[in-house]
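Q: Got a structure for you, written out below as C-alpha cells; questions coming shortly.
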Amino acid sequence: MSGTAAHPDQTERAPFPIEFYRSALGKKYVMAITGLVGLGFVTVHMLGNLKMYIGPGDFDHYAEWLRELLVPFFPRTVTLWLLRVGVIVAVVLHIHAAVTLTLQNRRARPVTYASKRDYIAADYASRTMRWSGIIIALFIIWHLFDLSWTGTDYHFVRGAVYQNVVLSLSRVPVALLYIVANVALAFHLYHGVWSLFQSMGWNNPRFNRWRRGTAVAFAVVVCGANITFPIFVQLGVVGHLPAGA
Amino acid sequence: MTDITLDSKVPDHPIEEAWDRHKFDMKLVNPSNKRKYTIIVVGSGLAGSSAAATLAQLGYHVKVFTYHDSPRRAHSIAAQGGINAAKNYHGDGDSVWRLFYDTVKGGDFRSREANSYRLAQLSVNIIDQATAQGVPFAREYGGLLANRSFGGAQVSRTFYARGQTGQQLLLGAYQALAEQIGKGNVELYNRCEYVDQVVIDGQAAGIVVRDLLTGAITSHGAHAVVLATGGYGNAYFLSTNAMACNVSAAWRAHRRGALFANPCYTQIHPTCIPSSDEFQSKLTLMSESLRNDGRIWVPVKAGDDRHPGDIPESERDYYLERKYPSFGNLVPRDVASRNAKIAVDEGKGVGPLHNGVYLDFADAIERLGADVISQRYGNLFQMYERITAEDPYRVPMRVFPAIHYTMGGLWVDYHLETTIPGLYAIGEANFSDQGANRLGASALMQALADGYFILPYTIGDSLAPRLGEPVPDTSHEAFRAAEAEVHDRYTGYLSVKGSRSVDWFHRELGKILWEYAGMERNRAGLEKALSEIPALYEEFKTDVRVLGDDRSLNQSLERAGRVDDFFQLGQLLCQDALDRDESCGAHYRSEHETEDGEALRDDEHFSFVSAWEFVGDGQPEVLHKEPLEFENIHLAQRSYK
Amino acid sequence: MTEPNAPVASSPHGTLDLTLRIWRQAGPDAPGAFETIDAPGISTEMSFLEMLDVVNERMVNTDEEPIAFDSDCREGICGSCSLMINGQAHGPEHGTATCQLHMRSFHDGDTISVEPWRAAAFPVVKDLVVDRSAFDRIIEAGGYISVSVGSAPDANEIPVPKTVSDTAFDAAACIGCGACVAACPNGAAQLFTAAKVAHLNLLPQGEPQRYERVEAMVDTMDGLFGSCSNHRECEAACPKEISVDFIALMNKDYLRAKFKNRRFLSRKP
Ligand SMILES: Cc1cc2nc3c(=O)[nH]c(=O)nc-3n(C[C@H](O)[C@H](O)[C@H](O)COP(=O)(O)OP(=O)(O)OC[C@H]3O[C@@H](n4cnc5c(N)ncnc54)[C@H](O)[C@@H]3O)c2cc1C
Ligand code: HEM
Ligand code: HEM
Ligand code: SF4
Ligand code: F3S
Ligand code: FES
C-alpha cells in the first residue's frame, strides 16, 4: 500500500545551521569542513615540525612564536588557544558526525550479506575511514599527553619542545606508534580529501581530474614528512642534544 | 445472445471539429463534486498512469492497481523508437490531416476515422505535456526538439529520447502519478492483480483483486473502472512484450460482457533479435528507428553460409529496396515482416539457426562516420552486442520478426467505454484507433492521448448524471460470488497436480499460434489451430503442475491464471482470423494477395470491426459487426512502392 | 516419468556445469538460508535469468518449489531484476543488469552464489524478491515537475541547450533497480535520488520547484536509507553507469535548498 510523504513545513523548522546539521548531507558538509580544518592543521603542524631539522633553537623558537601570535593585540597564548578551540570543535564535530552517520549506516542494513562481498570501486581507504579515524583520535589524545601536556614517562620539560620530541621519539614503540598513526592518517586523507569535494558539491569537469591527485599529494607530503620525524630521531639524524639533557 | 447494438457514439460533426464540439456537448462534473466519485484504474503504463494522474488532478478519488512492484515497471518502459506527433517542427509537410491519413492508410482502412483523426489532433498536446514534465527529448543544437522518421511515414514526425522514449514518457506519467499519490489523491495498490470484473444491474460496480504477496482475494467498489492493462502479444509466448504482459484483465472483463474487437490484428515487429535456442524466454526488439540507416539484405543464393563480409554486393539481395523503391527499408512493419519471412522460407536465412536477415550499417558508417551512428543508436548497438556477442559496427546485425503489438482489444466507443457501462478501456488494452496495423511510434501517442486528453473528458459525461450515487458496497452478492469464483479457480490450478509446468503449456500454445496465426494465415492452418488449441487447453486443465500454495508469493500460480486466459484468447484469435476472410494490415491470409504479393483487402465484405461476445465456456463466441465508413479518406489499395 | 519439461539446451555453443547457492526464504519473517542446486548443461548463450528459468523448470519436474525472483522486460530497462551474484550487484559485468548478464561470463564448474538486495528499506518478500517501494516514496516526495494536464506551453517555447538535455537524459536513464543501494557499503540511496534530482533540476522546466524538490526528496531518503561516504560503489554497480557527479550536484542543491527554505528569525519556531 502507498504512504504519503511529509513535506517539511516552513514554520516547524529549527534555525538553519541546526536543521542542516540534523540531515545526513548536513553532517557530511560539516565533516568535510571540519576535515578541511583538520587538514589545514596537520599540514601547518607538519611544516612547523620540519623545523626540528634546522635545530633545537629554531624549533623551540617556533613553539614560542606560537605562544606569541598576535601579541600584543591578543595577550600571550590567547591566539593559540583560540586556534586550539577551533581545532577541538572541528574534531569533536567531525567525530560526532562520523559516529552518528556510522550508526545510520548500520541501521540501513541490519541483515548483512551472507556471501562475501566483492567490491569494485569502494577501495580499502574508503572502507576503513572509521578505523583510521579512531586510530587518529587515540593518537591525538596520546600525542597531547606525550608532547604537549605531561610527557609520557620521559624527562618532559614544558617549553623544551625539541628535547621532548627527541626524548619521546627515540623510544622504538613510540616511534612505531607515530608511524602507524600517520599511515592511518594517510589512508584517511587519501579518501577524505577526494571525498570532501563531493560532500561540498564541488564537482566540475574542469578540475575533477585533479581531485584524486590532491588527495594523494596531501597524504604523501603530510604523512610522509610526519613519518620522517620518528625515523630520523631513531636514526639519530635529529637529536644531538646538548650535554646534561 | 443479448441484442448488443454497437453504438460507436461518434459525434456527427465534420471530422476536424468533431472532438472539439463534442467536448462542449458532453456533460461536466462540477469540480467540487468530483471528489465524490471513486474511479479505479487498473494498470500503470502510459495509459494508466496518465489517466490516473489527470483524474486525480481534476479532483476525483482514484485507486490504481498494478501487479508490478512499482508503477514505473509497466511494459511501456520498454518502448524505444519514439512517439509520433503532427507538430511539423521539421517543416517537411506534416499536419494533423497527414498523420490522420497515414494512420488510417497504415491501418489498412480498418480503423474508425473519427478516432484516428482525434488521435492525430491530440498528438501535439502530448509532446507539450511531456516536455513540460521534463521528458528529456532529443534536441537540435539550437535547443529545439529534434525529429526522426519512422516506418510507414514520409515525414520526420517522431520525437524520441535516444533509444528509451518509452522509459522517459512513462517516467513523466509515473512522476505525475507519484505526485498525486504523495498528496494523497491516489491510492496505489502495487503487487495486486485484477482477477475479475463485477457488474451489478448491467453497470460496472467494481473489481476483484488478488494480492500477489498474500494471495488474499478482495473487492473494491467504484463508480467507474478503467482498464489500461496493455496488449496480449504474449499469447504467442515468444514476443517482444515483457514476461508478465497478459490478456487476463481484458479477458476477465470480456467474460463479464465487454466485447473483444479484432483479436486477430496482431502486429509483428520486423527487426527483433532471432531466438538463439529452445530455452529462449523472450525476444528482444531492436528499435525500428534502426531502419533509418540500416539496409536489410539476405544472400541471393539460398544456403549461402559465407561470412557476410565475404558476400560481394552483387550476391546480396537488398529485397526491400528492390521491391519498394520509394519507401525502401522504411516500409510499414507488416510489409517488412512478411518479406523477411519470405526470405527465410526461401532458405536464405542467416545466422547459426538460419532464422534471420541482415540489417547492415556498413554503408551508413561509411557515409556518416561511426560516431554519428553511435550517437543515434549507441545504446541499441550495445544491447545487441551484449546479447549476441557480435559487434554491429563490424558485422551486420541479424534480425527477424516477432510478435510485438496487438491492435485488437476490448471494443470501445468514441468515449473509450466498453459494452459494459462504466467500464472503460484505454491504451493497448482497447481495440485502438490503429486499425489492422499500427504505424511505428503511434502506440505511445495513443496510450497518452487516451490517458491525458480523452478519458478525463468522456468519463465525466457518464458520471455527471449519477451524482449522489454511493460507491457500490462490496458486501453485495455479486462481489461475494465473484470472489468465490476466483478463489475456486486459483485453488483449482493448485489441486490439478499434473505433470507439466505452466510454461511448458504456454510455450506449446505459443508455437501453435505462431505457426498458424502468425505472419501468414490460411484457412487450413487456422482450422488446425482451432482443433489443437482446445485439445491442449483440456490437457492444461487436467495435467498442469503448479507447486507451492496460494497464501504467499507464487509466480507459477500467477502464470497459471494468465495462461488459462491466453488459451481462451488464442481460440478467439484464430476464430476471428478464420472469419475475416481477407488480408488487411497485419492480418495476412495467403488466399488473399495481389499478384505482387501485397495484402488484398475485401472492403466490400469486411469493412467492419469484428466485436466478439462471450456467451459461455466452450461455446463459440458470437460476432457483432460495427460497420466502418470512410468519408474523409478514400478506400485505396495500400502501396509503398 | 514423463520427458523433462525443460528444453535440453541444444545450443551449438558451449555448455557449462554449474553449482548454484541460491538464497531461499519462505517469507518476510521466515529465516532464510542458501540452498545448493546443481545446474548441469547450461548453454553459454543463455542469459542469467534464462538459466534460472531452466533451473526452475527442472525443479518443477522434481516437485521442488521454484525459486522466486523479480524480472519482466529481460532487456535492462524496467529495473525489476535485482540479484546479488557472487557478491556483486547485477553480477560481474559492467553497466549490465542481471537480465543482460549472459552465461558466457562464467566458466564450467563455477559455483555461483545468488542473494537478494540487502537493505532495511528493501525487506525480503520471498527468496530473491525484495520490496523496493521505498524508492516510490522518494519520488512521491518531490521527484516530479507539477504540470496540470493541458496547461503546458508549446514544447519549443522552452528551448534547452543540447548539452543540458543530454546530461539530464544521462541522469534520467535510471531504471530504479536499487543496485546502488545494494552495492553501497552504507546502504545509501544517493545515486538513485541524485539521478532524479539532477534530471529535473538541470532542466529549465524543473527550475520553479528546484529547491523544494531536492529538500523533500533528500529528507525522505534520509529517513529510509544510509548516508553517503562517497565510496562510488553505486556508480560501479549501476547498470546505466550513472555518474556520482550527480550526487555532488544534489549536495550543492540541498545546501542551497536548506538555506533558501530556512525559517526566518522573525517567525517563531
Ligand atoms: C519492446 C517494445 C517496444 C515498443 N516501442 C514502441 C515505440 O517505439 N513507439 C510506440 O509508439 N510504441 C512502442 N511500443 C508499444 C507501446 O510501448 C505500448 O503499446 C504502450 O506502451 C502500451 O501502454 P499501456 O499503458 O496501454 O500498457 P502497458 O504499458 O503494458 O501497461 C500495462 C499495465 O497494466 C498492469 N496490468 C496488466 N494486467 C493487470 C492485471 N490483471 N492486474 C493489475 N494490473 C495489470 C501492468 O502492471 C502495467 O502497469 C513498444 C512495445 C514494446 C513491447
Ligand atoms: C585531523 C585529523 C582528521 C582529518 C584531517 C580528517 C579528515 C577527514 C575528511 C576530509 C573526511 C571526508 C569527509 C567527507 O567525506 O566529506 C573524513 C571523513 C571521516 N573521518 Fe576524518 N579526519 C580527521 C580525524 C578524524 C577522527 C579523529 C575521526 C574519528 C572517528 C575521523 C573519522 C572519520 C570518518 C568515520 C569519516 C568518514 C565519514 C563518512 O563519510 O561516513 N576522522 N575525515
Ligand atoms: C609525527 C609527527 C608529529 C610530531 C613530531 C609532533 C610534534 C608535536 C609537538 C612537539 C607538539 C607540541 C607543540 C607545542 O607545545 O607548541 C605538538 C602538538 C600537537 N600536535 Fe603534533 N606532532 C606530530 C603529529 C601530529 C599529528 C598527526 C597530529 C594530528 C592528527 C598532531 C596534533 C597535535 C595537536 C592537536 C597538538 C596540540 C597543539 C597545541 O597545543 O598547540 N600532531 N605536536
Ligand atoms: S542509479 Fe543505477 S543502480 Fe541505482 S536504481 Fe538507478 S539504475 Fe539502478
Ligand atoms: S556507494 Fe554509497 S557511499 Fe555514496 S557514492 Fe555511492 S551512495
Ligand atoms: S528484467 Fe527488466 S531490467 Fe532486468
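In the C-alpha cells, the first chain shown is A, the next is B, and so on; residue numbers restart at 1 for each chain, and ligands run from 1 in the order shown.
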Please return as number ranges by chain the residues found within 7 Å of ligand 1, counting only C-alpha atoms and all ligand atoms.
A: B: 42-48, 65-68, 71, 73-83, 165-166, 192-195, 228-231, 240-242, 245-249, 284-285, 287, 404-405, 426-429, 440-445, 447
Q: Could the residues in this selection be saved with C-alpha atoms as a PDB file, in the first residue's frame?
A:
```pdb
ATOM      1  CA  VAL B  42      -6.133  -0.951 -13.473  1.00  0.00           C
ATOM      2  CA  GLY B  43      -2.671  -0.636 -14.956  1.00  0.00           C
ATOM      3  CA  SER B  44       0.063   1.943 -14.520  1.00  0.00           C
ATOM      4  CA  GLY B  45       1.578   2.059 -18.003  1.00  0.00           C
ATOM      5  CA  LEU B  46       1.467   5.192 -20.157  1.00  0.00           C
ATOM      6  CA  ALA B  47      -2.308   4.916 -20.425  1.00  0.00           C
ATOM      7  CA  GLY B  48      -3.000   4.016 -16.787  1.00  0.00           C
ATOM      8  CA  PHE B  65      -3.877  -1.237  -9.261  1.00  0.00           C
ATOM      9  CA  THR B  66      -0.857  -2.900 -10.823  1.00  0.00           C
ATOM     10  CA  TYR B  67       0.650  -6.334 -10.459  1.00  0.00           C
ATOM     11  CA  HIS B  68       4.100  -4.794 -10.726  1.00  0.00           C
ATOM     12  CA  PRO B  71       4.043   1.742 -11.392  1.00  0.00           C
ATOM     13  CA  ARG B  73       7.841  -1.078 -14.246  1.00  0.00           C
ATOM     14  CA  ALA B  74       4.908  -1.160 -16.714  1.00  0.00           C
ATOM     15  CA  HIS B  75       5.806  -2.523 -20.120  1.00  0.00           C
ATOM     16  CA  SER B  76       5.605   0.959 -21.698  1.00  0.00           C
ATOM     17  CA  ILE B  77       9.078   1.359 -20.178  1.00  0.00           C
ATOM     18  CA  ALA B  78      10.496  -0.839 -22.958  1.00  0.00           C
ATOM     19  CA  ALA B  79       9.333   1.304 -25.873  1.00  0.00           C
ATOM     20  CA  GLN B  80      12.393   2.523 -27.730  1.00  0.00           C
ATOM     21  CA  GLY B  81      11.892   4.183 -31.096  1.00  0.00           C
ATOM     22  CA  GLY B  82       9.803   7.221 -30.441  1.00  0.00           C
ATOM     23  CA  ILE B  83       6.396   8.879 -30.412  1.00  0.00           C
ATOM     24  CA  THR B 165      11.491   7.038 -25.459  1.00  0.00           C
ATOM     25  CA  GLY B 166       9.015   4.754 -23.710  1.00  0.00           C
ATOM     26  CA  CYS B 192      -2.087  -6.539  -6.749  1.00  0.00           C
ATOM     27  CA  GLU B 193      -3.649  -8.318  -9.764  1.00  0.00           C
ATOM     28  CA  TYR B 194      -7.125  -7.594 -11.166  1.00  0.00           C
ATOM     29  CA  VAL B 195      -8.718 -11.036 -11.472  1.00  0.00           C
ATOM     30  CA  ALA B 228      -5.191   0.148 -19.011  1.00  0.00           C
ATOM     31  CA  THR B 229      -3.655  -3.266 -18.951  1.00  0.00           C
ATOM     32  CA  GLY B 230      -1.645  -3.446 -22.163  1.00  0.00           C
ATOM     33  CA  GLY B 231      -1.524  -5.915 -25.023  1.00  0.00           C
ATOM     34  CA  THR B 240       8.871  -8.508 -27.537  1.00  0.00           C
ATOM     35  CA  ASN B 241       6.477  -7.957 -24.624  1.00  0.00           C
ATOM     36  CA  ALA B 242       7.695  -8.178 -21.064  1.00  0.00           C
ATOM     37  CA  CYS B 245       2.277  -8.998 -20.019  1.00  0.00           C
ATOM     38  CA  ASN B 246      -1.046 -10.776 -20.289  1.00  0.00           C
ATOM     39  CA  VAL B 247      -4.642 -10.576 -21.503  1.00  0.00           C
ATOM     40  CA  SER B 248      -6.261 -11.578 -18.214  1.00  0.00           C
ATOM     41  CA  ALA B 249      -7.669  -8.195 -17.232  1.00  0.00           C
ATOM     42  CA  THR B 284      14.423  -8.591 -27.762  1.00  0.00           C
ATOM     43  CA  LEU B 285      13.291  -5.809 -30.033  1.00  0.00           C
ATOM     44  CA  SER B 287      14.122  -0.327 -32.428  1.00  0.00           C
ATOM     45  CA  HIS B 404       5.075  -7.109 -30.833  1.00  0.00           C
ATOM     46  CA  TYR B 405       1.858  -5.123 -30.563  1.00  0.00           C
ATOM     47  CA  ILE B 426      -7.559   2.694 -22.792  1.00  0.00           C
ATOM     48  CA  GLY B 427      -4.088   2.220 -24.291  1.00  0.00           C
ATOM     49  CA  GLU B 428      -3.077  -1.045 -25.920  1.00  0.00           C
ATOM     50  CA  ALA B 429      -5.822  -2.879 -23.998  1.00  0.00           C
ATOM     51  CA  GLY B 440       5.618   2.757 -35.664  1.00  0.00           C
ATOM     52  CA  ALA B 441       5.694   5.249 -32.775  1.00  0.00           C
ATOM     53  CA  SER B 442       1.878   5.575 -32.688  1.00  0.00           C
ATOM     54  CA  ALA B 443       1.102   3.339 -29.722  1.00  0.00           C
ATOM     55  CA  LEU B 444       2.763   5.660 -27.206  1.00  0.00           C
ATOM     56  CA  MET B 445       0.827   8.503 -28.825  1.00  0.00           C
ATOM     57  CA  ALA B 447      -1.843   5.474 -24.859  1.00  0.00           C
TER      58      ALA B 447
END
```
Q: Distance limit 8 Å, reference ligand 6, atoms considered: only C-alpha atoms and all ligand atoms. Which residues make the cut? Give them as JSON, numbers by chain.
A: {"B": [73, 242], "C": [70, 71, 72, 73, 74, 75, 76, 77, 78, 79, 80, 81, 82, 97, 98, 99, 100, 175, 177]}
Q: May I have the selected residues written with N, CA and C atoms, as a PDB file, in the first residue's frame?
A:
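So the final result, stored in out_22.pdb, reads:
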```pdb
ATOM      1  N   ARG B  73       7.351   0.128 -13.545  1.00  0.00           N
ATOM      2  CA  ARG B  73       7.841  -1.078 -14.246  1.00  0.00           C
ATOM      3  C   ARG B  73       6.969  -1.472 -15.429  1.00  0.00           C
ATOM      4  N   ALA B 242       7.058  -7.733 -22.308  1.00  0.00           N
ATOM      5  CA  ALA B 242       7.695  -8.178 -21.064  1.00  0.00           C
ATOM      6  C   ALA B 242       7.065  -9.496 -20.623  1.00  0.00           C
TER       7      ALA B 242
ATOM      8  N   ASP C  70      12.379 -11.536  -9.172  1.00  0.00           N
ATOM      9  CA  ASP C  70      11.706 -10.485  -9.947  1.00  0.00           C
ATOM     10  C   ASP C  70      12.353 -10.351 -11.319  1.00  0.00           C
ATOM     11  N   SER C  71      11.534 -10.245 -12.352  1.00  0.00           N
ATOM     12  CA  SER C  71      12.059  -9.881 -13.680  1.00  0.00           C
ATOM     13  C   SER C  71      10.863  -9.592 -14.568  1.00  0.00           C
ATOM     14  N   ASP C  72      11.072  -8.840 -15.639  1.00  0.00           N
ATOM     15  CA  ASP C  72       9.932  -8.592 -16.543  1.00  0.00           C
ATOM     16  C   ASP C  72      10.412  -8.335 -17.969  1.00  0.00           C
ATOM     17  N   CYS C  73      11.144  -7.230 -18.188  1.00  0.00           N
ATOM     18  CA  CYS C  73      11.469  -6.833 -19.577  1.00  0.00           C
ATOM     19  C   CYS C  73      12.575  -7.697 -20.166  1.00  0.00           C
ATOM     20  N   ARG C  74      13.466  -8.204 -19.291  1.00  0.00           N
ATOM     21  CA  ARG C  74      14.608  -9.026 -19.713  1.00  0.00           C
ATOM     22  C   ARG C  74      15.523  -8.277 -20.685  1.00  0.00           C
ATOM     23  N   GLU C  75      15.477  -6.943 -20.718  1.00  0.00           N
ATOM     24  CA  GLU C  75      16.413  -6.209 -21.597  1.00  0.00           C
ATOM     25  C   GLU C  75      16.971  -4.975 -20.910  1.00  0.00           C
ATOM     26  N   GLY C  76      17.034  -5.014 -19.583  1.00  0.00           N
ATOM     27  CA  GLY C  76      17.764  -3.995 -18.837  1.00  0.00           C
ATOM     28  C   GLY C  76      17.119  -2.631 -18.783  1.00  0.00           C
ATOM     29  N   ILE C  77      15.779  -2.558 -18.911  1.00  0.00           N
ATOM     30  CA  ILE C  77      15.174  -1.216 -18.909  1.00  0.00           C
ATOM     31  C   ILE C  77      14.107  -1.052 -17.833  1.00  0.00           C
ATOM     32  N   CYS C  78      13.493  -2.159 -17.341  1.00  0.00           N
ATOM     33  CA  CYS C  78      12.372  -1.979 -16.391  1.00  0.00           C
ATOM     34  C   CYS C  78      12.868  -1.912 -14.956  1.00  0.00           C
ATOM     35  N   GLY C  79      14.084  -2.436 -14.691  1.00  0.00           N
ATOM     36  CA  GLY C  79      14.621  -2.323 -13.337  1.00  0.00           C
ATOM     37  C   GLY C  79      14.086  -3.366 -12.376  1.00  0.00           C
ATOM     38  N   SER C  80      13.335  -4.387 -12.890  1.00  0.00           N
ATOM     39  CA  SER C  80      12.775  -5.381 -11.966  1.00  0.00           C
ATOM     40  C   SER C  80      13.860  -6.299 -11.424  1.00  0.00           C
ATOM     41  N   CYS C  81      14.766  -6.770 -12.324  1.00  0.00           N
ATOM     42  CA  CYS C  81      15.714  -7.807 -11.882  1.00  0.00           C
ATOM     43  C   CYS C  81      16.703  -7.214 -10.872  1.00  0.00           C
ATOM     44  N   SER C  82      17.019  -8.021  -9.881  1.00  0.00           N
ATOM     45  CA  SER C  82      17.790  -7.442  -8.762  1.00  0.00           C
ATOM     46  C   SER C  82      18.484  -8.564  -7.992  1.00  0.00           C
ATOM     47  N   ALA C  97      22.566  -5.059 -16.407  1.00  0.00           N
ATOM     48  CA  ALA C  97      21.588  -5.536 -15.416  1.00  0.00           C
ATOM     49  C   ALA C  97      21.622  -7.065 -15.397  1.00  0.00           C
ATOM     50  N   THR C  98      21.061  -7.641 -14.322  1.00  0.00           N
ATOM     51  CA  THR C  98      21.089  -9.113 -14.165  1.00  0.00           C
ATOM     52  C   THR C  98      20.566  -9.809 -15.420  1.00  0.00           C
ATOM     53  N   CYS C  99      19.473  -9.222 -15.972  1.00  0.00           N
ATOM     54  CA  CYS C  99      18.839  -9.913 -17.113  1.00  0.00           C
ATOM     55  C   CYS C  99      19.684  -9.793 -18.382  1.00  0.00           C
ATOM     56  N   GLN C 100      20.651  -8.869 -18.395  1.00  0.00           N
ATOM     57  CA  GLN C 100      21.509  -8.712 -19.583  1.00  0.00           C
ATOM     58  C   GLN C 100      22.792  -9.519 -19.444  1.00  0.00           C
ATOM     59  N   ILE C 175      16.922   3.222 -13.952  1.00  0.00           N
ATOM     60  CA  ILE C 175      15.791   2.287 -14.118  1.00  0.00           C
ATOM     61  C   ILE C 175      15.216   1.872 -12.769  1.00  0.00           C
ATOM     62  N   CYS C 177      16.436   0.184 -10.210  1.00  0.00           N
ATOM     63  CA  CYS C 177      16.608  -1.240  -9.865  1.00  0.00           C
ATOM     64  C   CYS C 177      17.079  -1.405  -8.413  1.00  0.00           C
TER      65      CYS C 177
END
```
Q: Applying 8 Å and only C-alpha atoms, which residues near range 220-224 of chain A remain after dropping the ones on its own chain fewer than 2 positions away? List them as a ChimeraX atom specification.
A: /A:42-43,46,182-183,185-186,216-218,226-228
Q: When you count only C-alpha atoms, which of these residues is closest to Gly178 in chain C: C:Leu249, C:Ala120, C:Met59, C:Ala89?
A: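 Closest to Gly178 in chain C of all the choices is C:Ala89.
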Q: Within 7 Å of chain C, which residues of chain A are there when counting only C-alpha atoms? Please give them as number ranges by chain.
A: A: 5, 7, 10-16, 20, 24-25, 101, 104-105, 108-113, 115-118, 120-122, 126, 195, 198-203
Q: Generate a file of the selected residues that holds N, CA and C atoms, formatted as a compact mmCIF listing (two decimals), in the first residue's frame.
A:
```txt
# COMPACT_ATOMS: atom_id res chain seq x y z
N ALA A 5 4.00 11.27 1.63
CA ALA A 5 5.32 11.83 2.02
C ALA A 5 5.06 13.12 2.77
N HIS A 7 5.85 16.80 3.89
CA HIS A 7 6.64 17.94 3.39
C HIS A 7 7.03 18.78 4.61
N GLN A 10 7.30 25.09 6.67
CA GLN A 10 8.23 26.20 6.88
C GLN A 10 8.36 26.56 8.36
N THR A 11 7.21 26.53 9.07
CA THR A 11 7.27 27.14 10.42
C THR A 11 7.90 26.21 11.45
N GLU A 12 7.83 24.88 11.22
CA GLU A 12 8.32 23.99 12.29
C GLU A 12 9.84 23.88 12.28
N ARG A 13 10.50 24.72 11.49
CA ARG A 13 11.93 24.46 11.28
C ARG A 13 12.78 25.00 12.43
N ALA A 14 13.89 24.28 12.68
CA ALA A 14 14.91 24.79 13.62
C ALA A 14 15.71 25.82 12.82
N PRO A 15 16.51 26.62 13.52
CA PRO A 15 17.37 27.55 12.78
C PRO A 15 18.22 26.79 11.74
N PHE A 16 18.57 27.47 10.69
CA PHE A 16 19.21 26.83 9.53
C PHE A 16 20.37 25.90 9.90
N PHE A 20 20.16 21.99 9.30
CA PHE A 20 21.03 21.45 8.25
C PHE A 20 21.88 20.32 8.81
N ALA A 24 21.71 14.02 7.11
CA ALA A 24 22.96 13.28 6.84
C ALA A 24 23.85 14.11 5.90
N LEU A 25 23.23 14.72 4.91
CA LEU A 25 24.03 15.56 3.99
C LEU A 25 24.66 16.72 4.76
N LEU A 101 26.64 9.11 11.71
CA LEU A 101 26.45 8.60 10.33
C LEU A 101 26.69 7.10 10.30
N GLN A 104 23.70 5.42 11.49
CA GLN A 104 22.64 5.44 10.46
C GLN A 104 22.93 4.39 9.40
N ASN A 105 24.19 4.25 9.05
CA ASN A 105 24.55 3.25 8.03
C ASN A 105 24.27 1.84 8.52
N ALA A 108 20.79 1.05 8.29
CA ALA A 108 20.30 0.93 6.90
C ALA A 108 20.45 -0.49 6.39
N ARG A 109 21.33 -1.28 7.02
CA ARG A 109 21.47 -2.68 6.57
C ARG A 109 21.67 -3.58 7.79
N PRO A 110 20.58 -3.85 8.53
CA PRO A 110 20.71 -4.69 9.72
C PRO A 110 21.11 -6.13 9.37
N VAL A 111 20.60 -6.66 8.25
CA VAL A 111 20.96 -8.03 7.84
C VAL A 111 22.02 -7.92 6.76
N THR A 112 23.21 -8.33 7.05
CA THR A 112 24.29 -8.15 6.06
C THR A 112 24.26 -9.31 5.06
N TYR A 113 25.11 -9.19 4.05
CA TYR A 113 25.14 -10.21 3.00
C TYR A 113 25.70 -11.53 3.56
N SER A 115 26.84 -13.99 1.59
CA SER A 115 28.05 -14.40 0.82
C SER A 115 29.01 -13.21 0.79
N LYS A 116 30.25 -13.48 0.47
CA LYS A 116 31.31 -12.46 0.57
C LYS A 116 31.07 -11.37 -0.47
N ARG A 117 31.18 -10.14 0.01
CA ARG A 117 31.01 -9.01 -0.91
C ARG A 117 32.28 -8.84 -1.74
N ASP A 118 32.11 -8.50 -3.01
CA ASP A 118 33.29 -8.31 -3.88
C ASP A 118 33.22 -6.86 -4.39
N ILE A 120 34.01 -3.23 -6.07
CA ILE A 120 34.64 -2.83 -7.34
C ILE A 120 35.38 -1.50 -7.12
N ALA A 121 34.61 -0.48 -6.65
CA ALA A 121 35.20 0.87 -6.58
C ALA A 121 35.52 1.27 -5.14
N ALA A 122 34.75 0.70 -4.18
CA ALA A 122 34.96 1.12 -2.78
C ALA A 122 36.31 0.57 -2.32
N SER A 126 38.53 3.95 1.55
CA SER A 126 37.19 4.47 1.83
C SER A 126 36.45 3.56 2.81
N SER A 195 36.98 12.87 -1.17
CA SER A 195 35.56 12.75 -0.81
C SER A 195 34.95 14.09 -0.42
N GLN A 198 33.10 15.99 -3.02
CA GLN A 198 31.74 15.51 -3.29
C GLN A 198 30.77 16.05 -2.25
N SER A 199 31.15 15.94 -0.98
CA SER A 199 30.22 16.36 0.08
C SER A 199 29.91 17.84 -0.01
N MET A 200 30.90 18.62 -0.45
CA MET A 200 30.66 20.08 -0.55
C MET A 200 29.96 20.42 -1.87
N GLY A 201 29.84 19.41 -2.74
CA GLY A 201 29.22 19.71 -4.04
C GLY A 201 30.18 20.40 -4.99
N TRP A 202 31.50 20.34 -4.61
CA TRP A 202 32.49 20.97 -5.51
C TRP A 202 32.86 19.94 -6.56
N ASN A 203 32.13 19.98 -7.64
CA ASN A 203 32.35 18.95 -8.67
C ASN A 203 32.23 19.63 -10.01
```
Q: Find the residues around Val226 in chain B up to 7 Å (only C-alpha atoms counted), leave out those fewer than 3 positions away in its own chain, and share them as a list of chain:residue names.
A: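 With the cut-off at 7 Å, the set is B:Ile40, B:Val41, B:Val42, B:Leu423, B:Tyr424, B:Ala425.
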Q: Can you list every residue of chain B that has an atom at most 6 Å from chain C, with its nearest atom pair and the distance in Å to one decimal, using only C-alpha atoms, ordered by chain then number, as CSV?
A:
```
residue,atom,partner,partner_atom,distance
B:Arg73,CA,C:Cys78,CA,5.1
B:Asp128,CA,C:Ala155,CA,4.4
B:Gln129,CA,C:Ala152,CA,5.3
B:Thr131,CA,C:Ala155,CA,5.8
B:Ala132,CA,C:Ala152,CA,5.9
B:Gln133,CA,C:Ile145,CA,5.3
B:Pro136,CA,C:Phe169,CA,5.6
B:Arg139,CA,C:Lys162,CA,5.6
B:Tyr141,CA,C:Lys162,CA,5.5
B:Gly143,CA,C:Pro161,CA,4.6
B:Leu144,CA,C:Pro159,CA,5.2
B:Gln175,CA,C:Tyr144,CA,5.0
B:Ala178,CA,C:Glu140,CA,4.6
B:Glu179,CA,C:Glu140,CA,5.2
B:Gly182,CA,C:Glu140,CA,4.6
B:Ala242,CA,C:Cys73,CA,4.3
B:Met243,CA,C:Asp72,CA,4.9
B:Leu547,CA,C:Glu65,CA,5.7
B:Gly548,CA,C:Glu65,CA,5.9
```
Q: Check every residue of chain B for an atom within 12 Å of chain A, counting only C-alpha atoms, and provide those that qualify as an NGL selection string.
A: :B and (63-66 or 69-71 or 177-192 or 211 or 213)
